[in-house]
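Colleague: Next comes input38.cif, mmCIF, C-alpha atoms and all ligand atoms:
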```cif
data_work
#
loop_
_atom_site.label_atom_id
_atom_site.label_comp_id
_atom_site.auth_asym_id
_atom_site.auth_seq_id
_atom_site.Cartn_x
_atom_site.Cartn_y
_atom_site.Cartn_z
CA MET A 300 -24.62 -70.22 -41.28
CA THR A 301 -23.18 -72.03 -38.25
CA PRO A 302 -23.01 -70.32 -34.86
CA SER A 303 -19.55 -71.80 -34.12
CA ARG A 304 -18.00 -69.92 -37.07
CA PRO A 305 -18.81 -66.24 -36.71
CA SER A 306 -18.66 -64.60 -40.12
CA THR A 307 -16.24 -61.73 -40.61
CA PRO A 308 -17.63 -58.89 -42.70
CA ILE A 309 -15.28 -57.56 -45.38
CA ARG A 310 -15.77 -54.11 -43.95
CA PRO A 311 -17.71 -53.03 -40.88
CA ALA A 312 -21.35 -52.65 -41.77
CA PRO A 313 -23.33 -49.84 -40.16
CA GLY A 314 -25.53 -50.98 -37.31
CA PRO A 315 -29.18 -50.02 -36.92
CA SER A 316 -28.20 -46.91 -34.99
CA ALA A 317 -25.90 -45.59 -37.75
CA ALA A 318 -28.76 -44.49 -39.96
CA PRO A 319 -32.48 -43.92 -39.47
CA ALA A 320 -34.83 -46.85 -40.00
CA ILE A 321 -36.58 -47.16 -43.33
CA ARG A 322 -40.22 -47.92 -42.64
CA VAL A 323 -41.59 -50.17 -45.37
CA VAL A 324 -45.17 -51.01 -46.32
CA VAL A 325 -45.52 -54.04 -48.61
CA LEU A 326 -48.71 -54.05 -50.70
CA GLY A 327 -49.37 -57.53 -52.06
CA SER A 328 -47.18 -59.08 -49.36
CA THR A 329 -48.31 -62.68 -49.89
CA GLY A 330 -47.81 -62.69 -53.68
CA SER A 331 -44.66 -63.60 -55.57
CA ILE A 332 -43.08 -60.10 -55.45
CA GLY A 333 -44.26 -59.48 -51.88
CA VAL A 334 -42.74 -62.69 -50.53
CA ASN A 335 -39.48 -61.97 -52.37
CA THR A 336 -39.48 -58.38 -51.04
CA LEU A 337 -39.69 -59.63 -47.46
CA ALA A 338 -36.89 -62.13 -48.21
CA VAL A 339 -34.70 -59.29 -49.54
CA ILE A 340 -35.50 -57.15 -46.47
CA ASP A 341 -34.51 -60.04 -44.18
CA HIS A 342 -31.35 -60.56 -46.24
CA LEU A 343 -30.38 -56.87 -46.06
CA ASN A 344 -31.05 -56.68 -42.32
CA GLN A 345 -29.10 -59.89 -41.64
CA GLY A 346 -26.25 -58.53 -43.74
CA GLY A 347 -25.70 -55.71 -41.27
CA HIS A 348 -27.89 -53.15 -43.00
CA GLY A 349 -30.46 -53.38 -40.23
CA ARG A 350 -32.41 -50.39 -41.41
CA TRP A 351 -35.50 -51.86 -43.02
CA ARG A 352 -38.49 -52.09 -40.70
CA VAL A 353 -41.72 -53.61 -42.02
CA VAL A 354 -44.57 -51.41 -40.75
CA GLY A 355 -47.40 -52.56 -43.00
CA LEU A 356 -48.47 -55.69 -44.86
CA ALA A 357 -51.42 -55.79 -47.27
CA ALA A 358 -52.73 -59.01 -48.80
CA GLY A 359 -55.64 -59.91 -51.05
CA THR A 360 -57.24 -63.14 -49.87
CA ASN A 361 -54.45 -65.25 -48.33
CA ALA A 362 -55.34 -64.74 -44.67
CA ALA A 363 -53.19 -67.62 -43.43
CA ALA A 364 -50.02 -66.32 -45.11
CA LEU A 365 -50.76 -62.79 -43.87
CA ALA A 366 -51.14 -64.06 -40.31
CA THR A 367 -47.77 -65.83 -40.56
CA GLN A 368 -46.12 -62.65 -41.90
CA SER A 369 -47.77 -60.61 -39.15
CA ARG A 370 -46.14 -62.85 -36.52
CA ARG A 371 -42.77 -62.52 -38.25
CA TYR A 372 -42.95 -58.71 -38.34
CA PRO A 373 -44.52 -57.78 -35.01
CA GLY A 374 -46.04 -54.35 -34.89
CA ALA A 375 -46.74 -54.18 -38.61
CA ALA A 376 -50.27 -53.08 -39.49
CA THR A 377 -52.09 -55.58 -41.69
CA ALA A 378 -54.71 -55.24 -44.40
CA LEU A 379 -56.78 -58.00 -45.95
CA ALA A 380 -59.01 -57.31 -48.94
CA ASP A 381 -61.19 -60.38 -48.63
CA GLY A 382 -61.25 -63.31 -46.23
CA GLN A 383 -61.37 -64.45 -42.65
CA THR A 384 -58.48 -63.82 -40.29
CA ASP A 385 -57.82 -63.24 -36.61
CA ASP A 386 -57.40 -59.53 -36.41
CA PRO A 387 -56.29 -57.53 -39.43
CA THR A 388 -55.88 -53.82 -38.80
CA PHE A 389 -57.86 -53.11 -41.94
CA LEU A 390 -60.36 -55.40 -43.65
CA GLY A 391 -62.31 -55.09 -46.87
CA PRO A 392 -61.81 -53.99 -50.47
CA ASP A 393 -60.31 -50.62 -49.39
CA ALA A 394 -58.02 -52.16 -46.73
CA ALA A 395 -54.71 -51.59 -48.57
CA TRP A 396 -55.69 -48.01 -49.42
CA GLN A 397 -56.66 -47.36 -45.77
CA LEU A 398 -53.37 -48.83 -44.55
CA VAL A 399 -51.36 -46.53 -46.84
CA GLN A 400 -53.38 -43.52 -45.64
CA GLU A 401 -52.98 -44.34 -41.94
CA VAL A 402 -49.51 -45.84 -41.58
CA ASP A 403 -46.45 -43.56 -41.83
CA ALA A 404 -43.85 -45.07 -44.15
CA ASP A 405 -40.67 -44.10 -45.97
CA LEU A 406 -41.19 -46.62 -48.76
CA VAL A 407 -44.24 -48.37 -50.16
CA VAL A 408 -43.57 -51.50 -52.21
CA SER A 409 -46.45 -51.69 -54.68
CA ALA A 410 -46.87 -55.36 -55.59
CA ILE A 411 -50.62 -55.87 -55.72
CA VAL A 412 -51.52 -57.56 -59.02
CA GLY A 413 -53.65 -55.61 -61.45
CA PHE A 414 -55.77 -52.47 -61.37
CA GLY A 415 -56.45 -52.88 -57.64
CA GLY A 416 -52.90 -51.67 -57.01
CA LEU A 417 -53.51 -48.23 -58.49
CA ARG A 418 -55.53 -46.57 -55.72
CA PRO A 419 -53.27 -47.50 -52.76
CA THR A 420 -50.17 -46.69 -54.84
CA ALA A 421 -51.60 -43.29 -55.78
CA ALA A 422 -52.38 -42.70 -52.09
CA ALA A 423 -48.71 -43.31 -51.24
CA LEU A 424 -47.56 -40.89 -53.95
CA ALA A 425 -50.07 -38.30 -52.74
CA ARG A 426 -48.42 -38.54 -49.30
CA GLY A 427 -45.05 -37.89 -50.94
CA THR A 428 -43.87 -41.42 -50.12
CA ARG A 429 -41.29 -43.15 -52.32
CA VAL A 430 -42.80 -46.09 -54.19
CA ALA A 431 -40.95 -49.20 -55.37
CA LEU A 432 -43.26 -50.17 -58.21
CA ALA A 433 -43.90 -53.74 -59.29
CA ASN A 434 -47.55 -53.05 -60.13
CA LYS A 435 -47.09 -51.93 -63.74
CA GLU A 436 -50.87 -51.56 -64.12
CA THR A 437 -50.62 -48.42 -61.96
CA LEU A 438 -48.72 -46.63 -64.74
CA VAL A 439 -50.56 -48.34 -67.62
CA ALA A 440 -54.03 -47.41 -66.35
CA GLY A 441 -53.10 -44.27 -64.40
CA GLY A 442 -50.56 -42.89 -66.86
CA ARG A 443 -49.85 -39.17 -66.66
CA TRP A 444 -52.29 -38.75 -63.78
CA VAL A 445 -49.99 -40.94 -61.66
CA THR A 446 -46.70 -39.32 -62.74
CA GLY A 447 -48.32 -35.91 -62.22
CA LEU A 448 -49.36 -36.92 -58.71
CA ALA A 449 -45.80 -38.06 -57.95
CA ALA A 450 -44.32 -34.83 -59.30
CA ALA A 451 -46.81 -32.64 -57.41
CA HIS A 452 -45.96 -34.30 -54.09
CA GLY A 453 -42.24 -34.86 -54.63
CA ALA A 454 -42.62 -38.65 -54.57
CA VAL A 455 -40.12 -40.84 -56.41
CA ILE A 456 -41.11 -44.00 -58.28
CA ASP A 457 -38.37 -46.66 -58.45
CA PRO A 458 -39.26 -49.56 -60.76
CA ILE A 459 -39.16 -53.18 -59.60
CA ASP A 460 -40.15 -54.50 -63.01
CA SER A 461 -36.83 -56.07 -64.05
CA GLU A 462 -36.64 -54.42 -67.49
CA HIS A 463 -37.34 -50.98 -66.07
CA ALA A 464 -34.94 -51.50 -63.17
CA ALA A 465 -32.34 -52.35 -65.84
CA ILE A 466 -33.11 -49.25 -67.91
CA ALA A 467 -33.01 -47.05 -64.80
CA GLN A 468 -29.53 -48.39 -63.95
CA CYS A 469 -28.28 -47.78 -67.52
CA LEU A 470 -29.88 -44.33 -67.70
CA ALA A 471 -27.92 -43.30 -64.62
CA ALA A 472 -24.94 -42.99 -67.00
CA ALA A 473 -26.76 -40.19 -68.84
CA ALA A 474 -26.86 -38.17 -65.62
CA GLY A 475 -30.36 -36.84 -66.37
CA ARG A 476 -29.57 -35.75 -69.95
CA THR A 477 -32.52 -37.17 -71.86
CA ASP A 478 -31.14 -35.72 -75.12
CA ALA A 479 -28.20 -38.13 -74.72
CA VAL A 480 -30.56 -41.11 -75.03
CA ALA A 481 -31.28 -42.40 -78.55
CA ARG A 482 -33.57 -45.25 -77.48
CA ILE A 483 -34.20 -47.83 -74.80
CA THR A 484 -34.86 -51.52 -75.38
CA LEU A 485 -36.87 -53.83 -73.17
CA THR A 486 -36.12 -57.52 -73.54
CA ALA A 487 -38.89 -60.14 -73.72
CA SER A 488 -38.42 -63.83 -72.98
CA GLY A 489 -41.06 -64.59 -75.61
CA GLY A 490 -42.97 -66.68 -73.07
CA PRO A 491 -43.92 -70.36 -73.34
CA PHE A 492 -45.32 -70.04 -76.88
CA LEU A 493 -42.35 -68.33 -78.57
CA ARG A 494 -42.03 -71.16 -81.14
CA ALA A 495 -45.63 -72.40 -81.04
CA ASP A 496 -47.56 -72.69 -84.32
CA ALA A 497 -51.04 -71.25 -84.85
CA ASN A 498 -52.82 -74.54 -84.01
CA THR A 499 -50.94 -74.88 -80.72
CA LEU A 500 -51.81 -71.30 -79.81
CA ASP A 501 -55.50 -71.87 -80.60
CA ALA A 502 -55.61 -74.88 -78.31
CA ALA A 503 -53.40 -73.41 -75.54
CA THR A 504 -54.70 -74.23 -72.07
CA PRO A 505 -54.16 -72.22 -68.88
CA ASP A 506 -51.75 -74.92 -67.70
CA ALA A 507 -49.60 -74.53 -70.83
CA ALA A 508 -49.72 -70.72 -70.63
CA LEU A 509 -48.68 -70.82 -66.98
CA ASN A 510 -45.55 -72.87 -67.73
CA HIS A 511 -43.10 -69.98 -68.17
CA PRO A 512 -39.62 -70.96 -69.42
CA THR A 513 -37.47 -68.53 -67.38
CA TRP A 514 -39.42 -66.48 -64.81
CA ASP A 515 -41.37 -67.76 -61.81
CA MET A 516 -44.31 -65.33 -61.46
CA GLY A 517 -47.98 -65.14 -60.55
CA PRO A 518 -50.68 -66.43 -62.97
CA LYS A 519 -51.85 -63.06 -64.36
CA ILE A 520 -48.42 -61.83 -65.42
CA THR A 521 -47.49 -65.28 -66.73
CA VAL A 522 -50.48 -65.30 -69.09
CA ASP A 523 -49.54 -61.73 -70.07
CA SER A 524 -46.06 -63.03 -70.91
CA ALA A 525 -47.56 -65.76 -73.10
CA THR A 526 -49.60 -63.24 -75.16
CA LEU A 527 -46.73 -60.71 -75.02
CA MET A 528 -49.28 -58.31 -73.51
CA ASN A 529 -46.85 -58.06 -70.59
CA LYS A 530 -44.39 -56.33 -72.93
CA THR A 531 -47.18 -54.07 -74.23
CA LEU A 532 -47.90 -53.01 -70.64
CA GLU A 533 -44.15 -52.57 -70.03
CA VAL A 534 -43.66 -50.29 -73.07
CA ILE A 535 -46.49 -48.07 -71.76
CA GLU A 536 -44.98 -48.26 -68.26
CA ALA A 537 -41.56 -47.22 -69.66
CA HIS A 538 -43.14 -44.33 -71.59
CA HIS A 539 -44.57 -42.87 -68.38
CA LEU A 540 -41.65 -43.78 -66.14
CA PHE A 541 -38.85 -42.40 -68.32
CA GLY A 542 -40.79 -39.75 -70.27
CA LEU A 543 -39.76 -41.15 -73.66
CA PRO A 544 -41.96 -41.26 -76.78
CA ALA A 545 -43.07 -44.63 -78.17
CA GLU A 546 -40.60 -44.33 -81.09
CA GLN A 547 -37.70 -44.43 -78.62
CA ILE A 548 -38.87 -47.60 -76.86
CA ASP A 549 -38.01 -50.91 -78.54
CA VAL A 550 -38.67 -54.54 -77.67
CA VAL A 551 -36.37 -57.43 -78.55
CA VAL A 552 -36.98 -61.11 -77.84
CA HIS A 553 -34.21 -62.60 -75.71
CA PRO A 554 -35.21 -66.11 -74.62
CA GLN A 555 -32.52 -66.49 -71.94
CA SER A 556 -33.86 -63.52 -69.86
CA VAL A 557 -30.34 -62.54 -68.80
CA VAL A 558 -30.07 -59.10 -70.43
CA HIS A 559 -33.00 -57.24 -68.89
CA GLY A 560 -32.77 -54.01 -70.84
CA PHE A 561 -30.38 -51.68 -72.58
CA VAL A 562 -29.99 -48.03 -73.45
CA GLU A 563 -28.50 -46.73 -76.69
CA PHE A 564 -26.98 -43.28 -76.37
CA CYS A 565 -26.78 -40.66 -79.11
CA ASP A 566 -23.12 -41.51 -79.79
CA GLY A 567 -24.04 -45.14 -80.60
CA SER A 568 -22.73 -46.53 -77.31
CA VAL A 569 -25.03 -49.09 -75.67
CA LEU A 570 -25.22 -49.94 -71.96
CA ALA A 571 -27.02 -53.10 -70.87
CA GLN A 572 -27.90 -54.52 -67.46
CA LEU A 573 -27.54 -58.28 -66.98
CA GLY A 574 -28.46 -60.62 -64.18
CA PRO A 575 -30.01 -64.02 -63.51
CA PRO A 576 -33.79 -64.12 -64.06
CA ASP A 577 -34.48 -63.68 -60.34
CA MET A 578 -36.73 -60.85 -59.12
CA ARG A 579 -34.69 -60.38 -55.95
CA GLY A 580 -32.09 -58.40 -57.94
CA ALA A 581 -34.55 -55.75 -59.13
CA ILE A 582 -36.31 -55.70 -55.74
CA GLN A 583 -33.04 -55.12 -53.88
CA HIS A 584 -32.06 -52.37 -56.31
CA ALA A 585 -35.35 -50.55 -55.67
CA LEU A 586 -35.17 -51.09 -51.89
CA THR A 587 -31.59 -49.89 -51.48
CA ALA A 588 -31.60 -46.92 -53.87
CA PRO A 589 -31.01 -44.30 -52.63
CA ALA A 590 -30.82 -45.59 -49.04
CA LEU A 591 -27.35 -47.13 -49.39
CA PRO A 592 -24.44 -45.21 -50.89
CA ALA A 593 -23.19 -48.35 -52.62
CA ARG A 594 -24.61 -51.72 -53.62
CA ALA A 595 -25.22 -54.32 -50.94
CA PRO A 596 -24.36 -58.02 -51.41
CA GLY A 597 -27.19 -59.79 -53.21
CA ALA A 598 -29.27 -62.73 -52.03
CA GLY A 599 -29.79 -64.48 -55.35
CA PRO A 600 -27.74 -66.66 -57.67
CA ARG A 601 -24.80 -65.28 -59.66
CA LEU A 602 -24.56 -64.98 -63.40
CA ASN A 603 -22.09 -67.30 -65.11
CA LEU A 604 -21.92 -66.19 -68.74
CA ALA A 605 -19.27 -68.75 -69.67
CA ALA A 606 -21.50 -71.60 -68.43
CA LEU A 607 -24.48 -70.06 -70.21
CA GLY A 608 -22.64 -69.86 -73.54
CA ASP A 609 -24.97 -68.08 -75.91
CA LEU A 610 -27.21 -65.08 -75.56
CA SER A 611 -29.58 -64.64 -78.49
CA PHE A 612 -31.79 -61.82 -79.70
CA GLU A 613 -34.50 -61.64 -82.34
CA PRO A 614 -37.27 -59.25 -83.35
CA PRO A 615 -40.74 -59.99 -81.92
CA ASP A 616 -43.17 -61.64 -84.35
CA GLU A 617 -45.95 -59.04 -84.32
CA HIS A 618 -48.07 -61.16 -86.64
CA ARG A 619 -48.37 -64.08 -84.21
CA PHE A 620 -48.24 -61.77 -81.19
CA PRO A 621 -50.32 -58.71 -82.16
CA ALA A 622 -50.41 -57.29 -78.62
CA LEU A 623 -47.26 -55.21 -79.06
CA ALA A 624 -48.82 -52.82 -81.57
CA LEU A 625 -51.36 -51.85 -78.91
CA ALA A 626 -48.65 -50.10 -76.89
CA ARG A 627 -48.06 -47.52 -79.63
CA ARG A 628 -51.80 -47.11 -80.09
CA VAL A 629 -52.48 -46.51 -76.39
CA ILE A 630 -49.56 -44.08 -75.99
CA ALA A 631 -50.80 -42.08 -78.99
CA ALA A 632 -54.43 -42.10 -77.79
CA ASP A 633 -53.58 -41.10 -74.18
CA GLY A 634 -56.45 -40.26 -71.76
CA THR A 635 -58.31 -43.35 -70.57
CA ALA A 636 -56.90 -45.61 -73.33
CA GLY A 637 -54.42 -47.24 -70.93
CA ALA A 638 -57.17 -47.97 -68.41
CA THR A 639 -59.33 -49.45 -71.17
CA LEU A 640 -56.50 -51.66 -72.44
CA ASN A 641 -55.64 -52.80 -68.94
CA GLY A 642 -59.21 -53.42 -67.76
CA ALA A 643 -60.08 -55.32 -70.94
CA ASN A 644 -56.94 -57.42 -70.64
CA GLU A 645 -57.54 -58.26 -66.98
CA ALA A 646 -61.10 -59.35 -67.76
CA ALA A 647 -59.98 -61.41 -70.77
CA VAL A 648 -57.13 -63.10 -68.87
CA HIS A 649 -59.50 -63.86 -66.00
CA ALA A 650 -61.92 -65.50 -68.47
CA PHE A 651 -59.08 -67.48 -70.09
CA LEU A 652 -57.92 -68.79 -66.71
CA LYS A 653 -61.52 -69.87 -66.02
CA ARG A 654 -61.52 -71.61 -69.43
CA GLN A 655 -64.27 -69.32 -70.74
CA LEU A 656 -62.13 -67.79 -73.51
CA PRO A 657 -59.59 -69.33 -75.94
CA PHE A 658 -56.02 -68.08 -75.62
CA THR A 659 -55.98 -66.58 -79.12
CA ARG A 660 -59.10 -64.47 -78.38
CA ILE A 661 -57.49 -62.51 -75.52
CA VAL A 662 -55.64 -59.93 -77.63
CA PRO A 663 -58.37 -59.52 -80.32
CA LEU A 664 -60.91 -58.91 -77.55
CA VAL A 665 -58.68 -56.26 -75.95
CA THR A 666 -58.20 -54.64 -79.37
CA ALA A 667 -61.96 -54.64 -79.96
CA ALA A 668 -62.50 -53.02 -76.55
CA LEU A 669 -60.16 -50.18 -77.59
CA ASP A 670 -62.19 -49.83 -80.81
CA ALA A 671 -65.52 -49.79 -78.96
CA LEU A 672 -64.57 -47.51 -76.07
CA PRO A 673 -62.95 -44.26 -77.28
CA PRO A 674 -60.50 -42.58 -74.90
CA LYS A 675 -61.69 -39.77 -72.65
CA PRO A 676 -59.65 -37.14 -70.79
CA VAL A 677 -58.48 -37.99 -67.26
CA THR A 678 -58.79 -35.44 -64.50
CA ASP A 679 -59.03 -37.69 -61.44
CA TYR A 680 -59.04 -41.28 -60.22
CA ASP A 681 -62.77 -41.67 -60.87
CA ASP A 682 -62.24 -41.16 -64.62
CA ILE A 683 -59.71 -43.99 -64.63
CA ALA A 684 -61.88 -46.27 -62.48
CA ALA A 685 -64.88 -45.65 -64.76
CA ALA A 686 -62.85 -46.55 -67.88
CA ASP A 687 -61.57 -49.69 -66.14
CA ALA A 688 -65.11 -50.75 -65.17
CA ASP A 689 -66.47 -50.01 -68.65
CA ALA A 690 -63.73 -52.11 -70.28
CA ARG A 691 -64.32 -55.06 -67.96
CA GLY A 692 -68.08 -54.82 -68.48
CA TRP A 693 -67.68 -54.65 -72.25
CA VAL A 694 -65.35 -57.68 -72.37
CA ASN A 695 -67.53 -59.74 -70.05
CA GLN A 696 -70.58 -58.87 -72.12
CA GLN A 697 -68.78 -59.98 -75.29
CA ILE A 698 -67.82 -63.28 -73.70
CA SER A 699 -71.35 -64.04 -72.50
CA ALA A 700 -73.14 -62.68 -75.61
CA PRO A 701 -70.73 -61.90 -78.48
CA ASP A 702 -71.78 -59.11 -80.77
CA PRO A 703 -71.00 -60.23 -84.36
CA ALA A 704 -70.68 -56.59 -85.45
CA ALA A 705 -67.79 -56.14 -83.02
CA ASN A 706 -65.88 -58.82 -84.96
CA THR A 707 -64.18 -60.26 -81.91
MG MG B 801 -40.92 -57.26 -66.54
#
```
Could the structure of this file be written out as structure tokens, please?
Modeller:
Amino acid sequence: MTPSRPSTPIRPAPGPSAAPAIRVVVLGSTGSIGVNTLAVIDHLNQGGHGRWRVVGLAAGTNAAALATQSRRYPGAATALADGQTDDPTFLGPDAAWQLVQEVDADLVVSAIVGFGGLRPTAAALARGTRVALANKETLVAGGRWVTGLAAAHGAVIDPIDSEHAAIAQCLAAAAGRTDAVARITLTASGGPFLRADANTLDAATPDAALNHPTWDMGPKITVDSATLMNKTLEVIEAHHLFGLPAEQIDVVVHPQSVVHGFVEFCDGSVLAQLGPPDMRGAIQHALTAPALPARAPGAGPRLNLAALGDLSFEPPDEHRFPALALARRVIAADGTAGATLNGANEAAVHAFLKRQLPFTRIVPLVTAALDALPPKPVTDYDDIAAADADARGWVNQQISAPDPAANT
């Protein structure tokens, strides 16, 4: 953009005074989704939609990046879970939760990685605040308790997960008629080990697992993509988000990651959503809906299907990637099963990244945790947190002193 050539908008864009500001809190602001969210906000504001005002930034441990963001968005409250920094508004393990409680916002972008995102996200829903959800663990672990909280307080959850953002866009054609939907399909890239043989999988290192072919994401979700556990979590997320039974949620492997999801209607017609594998598309969709009456110009690359040539689809290999079956099991079990699955997986992935657990033991260990820890009913957050802690404790105990009877 050169100052000597003022750009001419195609049509006059509303100025900041034309519509009220949208106050945004970004949880997980220094992570991959958080950084991209701030980039999309800057893009929207520079494009004449100067409505998005960042009023809160919550980070985990990256104090330096948070301080830089704080200077870029003056006046925003800051939260840091762990670390040293000049002057965060909130500091400590409950910092993000405190920020959500104290700072008035119109939209909370939930992009903390893992179970830690649940409590602050639930706090936003309990305030009736719209949530743009990237933290799928909130719905996997929190399940019906979370959707019930949203319903009770009139809070809307708009997905940032690209597959769910795709499904939401396709479902709009059903105009709320769930009986018109035959099934939804989430696409899976297949991850870095899609064609790997059993020996390669056994010897897979964190470096190999973190080398994702199409998406650029944080380490936890990238390992989840390699085991296909990410798709397991996403099927459970879709079940809670769209209120569909497991039998109506399919997964298909699509290595190009261009078709993000599709909906088959009862008449056999199928609508799909396509876009480059760039999270800014799904983030912008969640940020702008329903704030803008129409779509705003995007910040990311454009799709060129002719240059791409082929799009391919294949069924997932559930023998080599047994994680997928766990989605149906957890949905059927209900209660704390989602929290157990998620907590066990987080502990196992953590151990794999620290080279304490082979790649091919992650999913069997999560399965064994579900066997060992039967689901209990959920009435409040403490039930979920207890199941999460139990699952982590059980997995860590198995890694340090395996119980042969558990057959992990
Ligand atoms: Mg996804």
Colleague: Find the residues near Gly327 in chain A: any atom within 10 Å, counting only C-alpha atoms, skip ones fewer than 5 places away on the same chain, and give them as a PyMOL selection string.
Modeller: chain A and resi 332-334+336+356-361+365+378-379+395+408-412+416+433-434
Colleague: Taking only C-alpha atoms and all ligand atoms into account, which of A:Trp514, A:Phe561, A:Tyr680, A:Trp444 comes nearest ligand MG 801 (chain B)?
Modeller: A:Trp514
Colleague: At a cut-off of 12 Å around ligand MG 801 (chain B), and using only C-alpha atoms and all ligand atoms, what residues come up? Please write them as a ChimeraX atom specification.
Modeller: /A:332,432-436,458-466,485-490,513-516,520-521,523-524,527-537,550,556,558-560,576-578,581-582
Colleague: Enclose range 408-418 of chain A, meaning all of its atoms listed in the file, in a box aligned along x, y and z, pad it by 8 Å on each side, and list the centre and edge lengths in Å to one decimal, as lines of an AutoDock Vina configuration file.
Modeller:
```
center_x = -50.0
center_y = -52.1
center_z = -56.8
size_x = 28.9
size_y = 27.0
size_z = 25.2
```
Colleague: Excluding Glu546 in chain A and its own-chain neighbours fewer than 3 positions away, which residues fall within 10 Å of it when counting only C-alpha atoms? Please give them as a list in words.
Modeller: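 Here the qualifying residues turn out to be Ala481, Arg482, Ile483, His538, Leu543, Asp549 and Arg627 of chain A.
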Colleague: Place N, CA, C and O atoms on range 460-471 of chain A and deliver the coordinates as a PDB file, keeping the file's coordinate frame.
Modeller:
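result36.pdb, freshly written:
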```
ATOM      1  N   ASP A 460     -40.087 -53.710 -61.778  1.00  0.00           N
ATOM      2  CA  ASP A 460     -40.150 -54.500 -63.010  1.00  0.00           C
ATOM      3  C   ASP A 460     -38.711 -54.625 -63.527  1.00  0.00           C
ATOM      4  O   ASP A 460     -37.994 -53.622 -63.653  1.00  0.00           O
ATOM      5  N   SER A 461     -38.260 -55.846 -63.837  1.00  0.00           N
ATOM      6  CA  SER A 461     -36.830 -56.070 -64.050  1.00  0.00           C
ATOM      7  C   SER A 461     -36.290 -55.277 -65.245  1.00  0.00           C
ATOM      8  O   SER A 461     -35.173 -54.749 -65.191  1.00  0.00           O
ATOM      9  N   GLU A 462     -37.098 -55.155 -66.311  1.00  0.00           N
ATOM     10  CA  GLU A 462     -36.640 -54.420 -67.490  1.00  0.00           C
ATOM     11  C   GLU A 462     -36.453 -52.940 -67.165  1.00  0.00           C
ATOM     12  O   GLU A 462     -35.493 -52.315 -67.608  1.00  0.00           O
ATOM     13  N   HIS A 463     -37.377 -52.405 -66.399  1.00  0.00           N
ATOM     14  CA  HIS A 463     -37.340 -50.980 -66.070  1.00  0.00           C
ATOM     15  C   HIS A 463     -36.255 -50.693 -65.036  1.00  0.00           C
ATOM     16  O   HIS A 463     -35.616 -49.632 -65.084  1.00  0.00           O
ATOM     17  N   ALA A 464     -36.050 -51.635 -64.117  1.00  0.00           N
ATOM     18  CA  ALA A 464     -34.940 -51.500 -63.170  1.00  0.00           C
ATOM     19  C   ALA A 464     -33.620 -51.490 -63.948  1.00  0.00           C
ATOM     20  O   ALA A 464     -32.693 -50.735 -63.630  1.00  0.00           O
ATOM     21  N   ALA A 465     -33.544 -52.307 -65.000  1.00  0.00           N
ATOM     22  CA  ALA A 465     -32.340 -52.350 -65.840  1.00  0.00           C
ATOM     23  C   ALA A 465     -32.139 -51.018 -66.555  1.00  0.00           C
ATOM     24  O   ALA A 465     -31.037 -50.448 -66.542  1.00  0.00           O
ATOM     25  N   ILE A 466     -33.201 -50.517 -67.170  1.00  0.00           N
ATOM     26  CA  ILE A 466     -33.110 -49.250 -67.910  1.00  0.00           C
ATOM     27  C   ILE A 466     -32.713 -48.112 -66.958  1.00  0.00           C
ATOM     28  O   ILE A 466     -31.871 -47.272 -67.297  1.00  0.00           O
ATOM     29  N   ALA A 467     -33.322 -48.102 -65.766  1.00  0.00           N
ATOM     30  CA  ALA A 467     -33.010 -47.050 -64.800  1.00  0.00           C
ATOM     31  C   ALA A 467     -31.523 -47.079 -64.446  1.00  0.00           C
ATOM     32  O   ALA A 467     -30.878 -46.014 -64.326  1.00  0.00           O
ATOM     33  N   GLN A 468     -30.960 -48.276 -64.278  1.00  0.00           N
ATOM     34  CA  GLN A 468     -29.530 -48.390 -63.950  1.00  0.00           C
ATOM     35  C   GLN A 468     -28.668 -47.897 -65.118  1.00  0.00           C
ATOM     36  O   GLN A 468     -27.657 -47.227 -64.919  1.00  0.00           O
ATOM     37  N   CYS A 469     -29.055 -48.223 -66.350  1.00  0.00           N
ATOM     38  CA  CYS A 469     -28.280 -47.780 -67.520  1.00  0.00           C
ATOM     39  C   CYS A 469     -28.422 -46.272 -67.726  1.00  0.00           C
ATOM     40  O   CYS A 469     -27.467 -45.591 -68.081  1.00  0.00           O
ATOM     41  N   LEU A 470     -29.641 -45.757 -67.497  1.00  0.00           N
ATOM     42  CA  LEU A 470     -29.880 -44.330 -67.700  1.00  0.00           C
ATOM     43  C   LEU A 470     -29.081 -43.466 -66.732  1.00  0.00           C
ATOM     44  O   LEU A 470     -28.835 -42.290 -67.006  1.00  0.00           O
ATOM     45  N   ALA A 471     -28.697 -44.068 -65.599  1.00  0.00           N
ATOM     46  CA  ALA A 471     -27.920 -43.300 -64.620  1.00  0.00           C
ATOM     47  C   ALA A 471     -26.655 -42.745 -65.267  1.00  0.00           C
ATOM     48  O   ALA A 471     -26.157 -41.685 -64.880  1.00  0.00           O
TER      49      ALA A 471
END
```
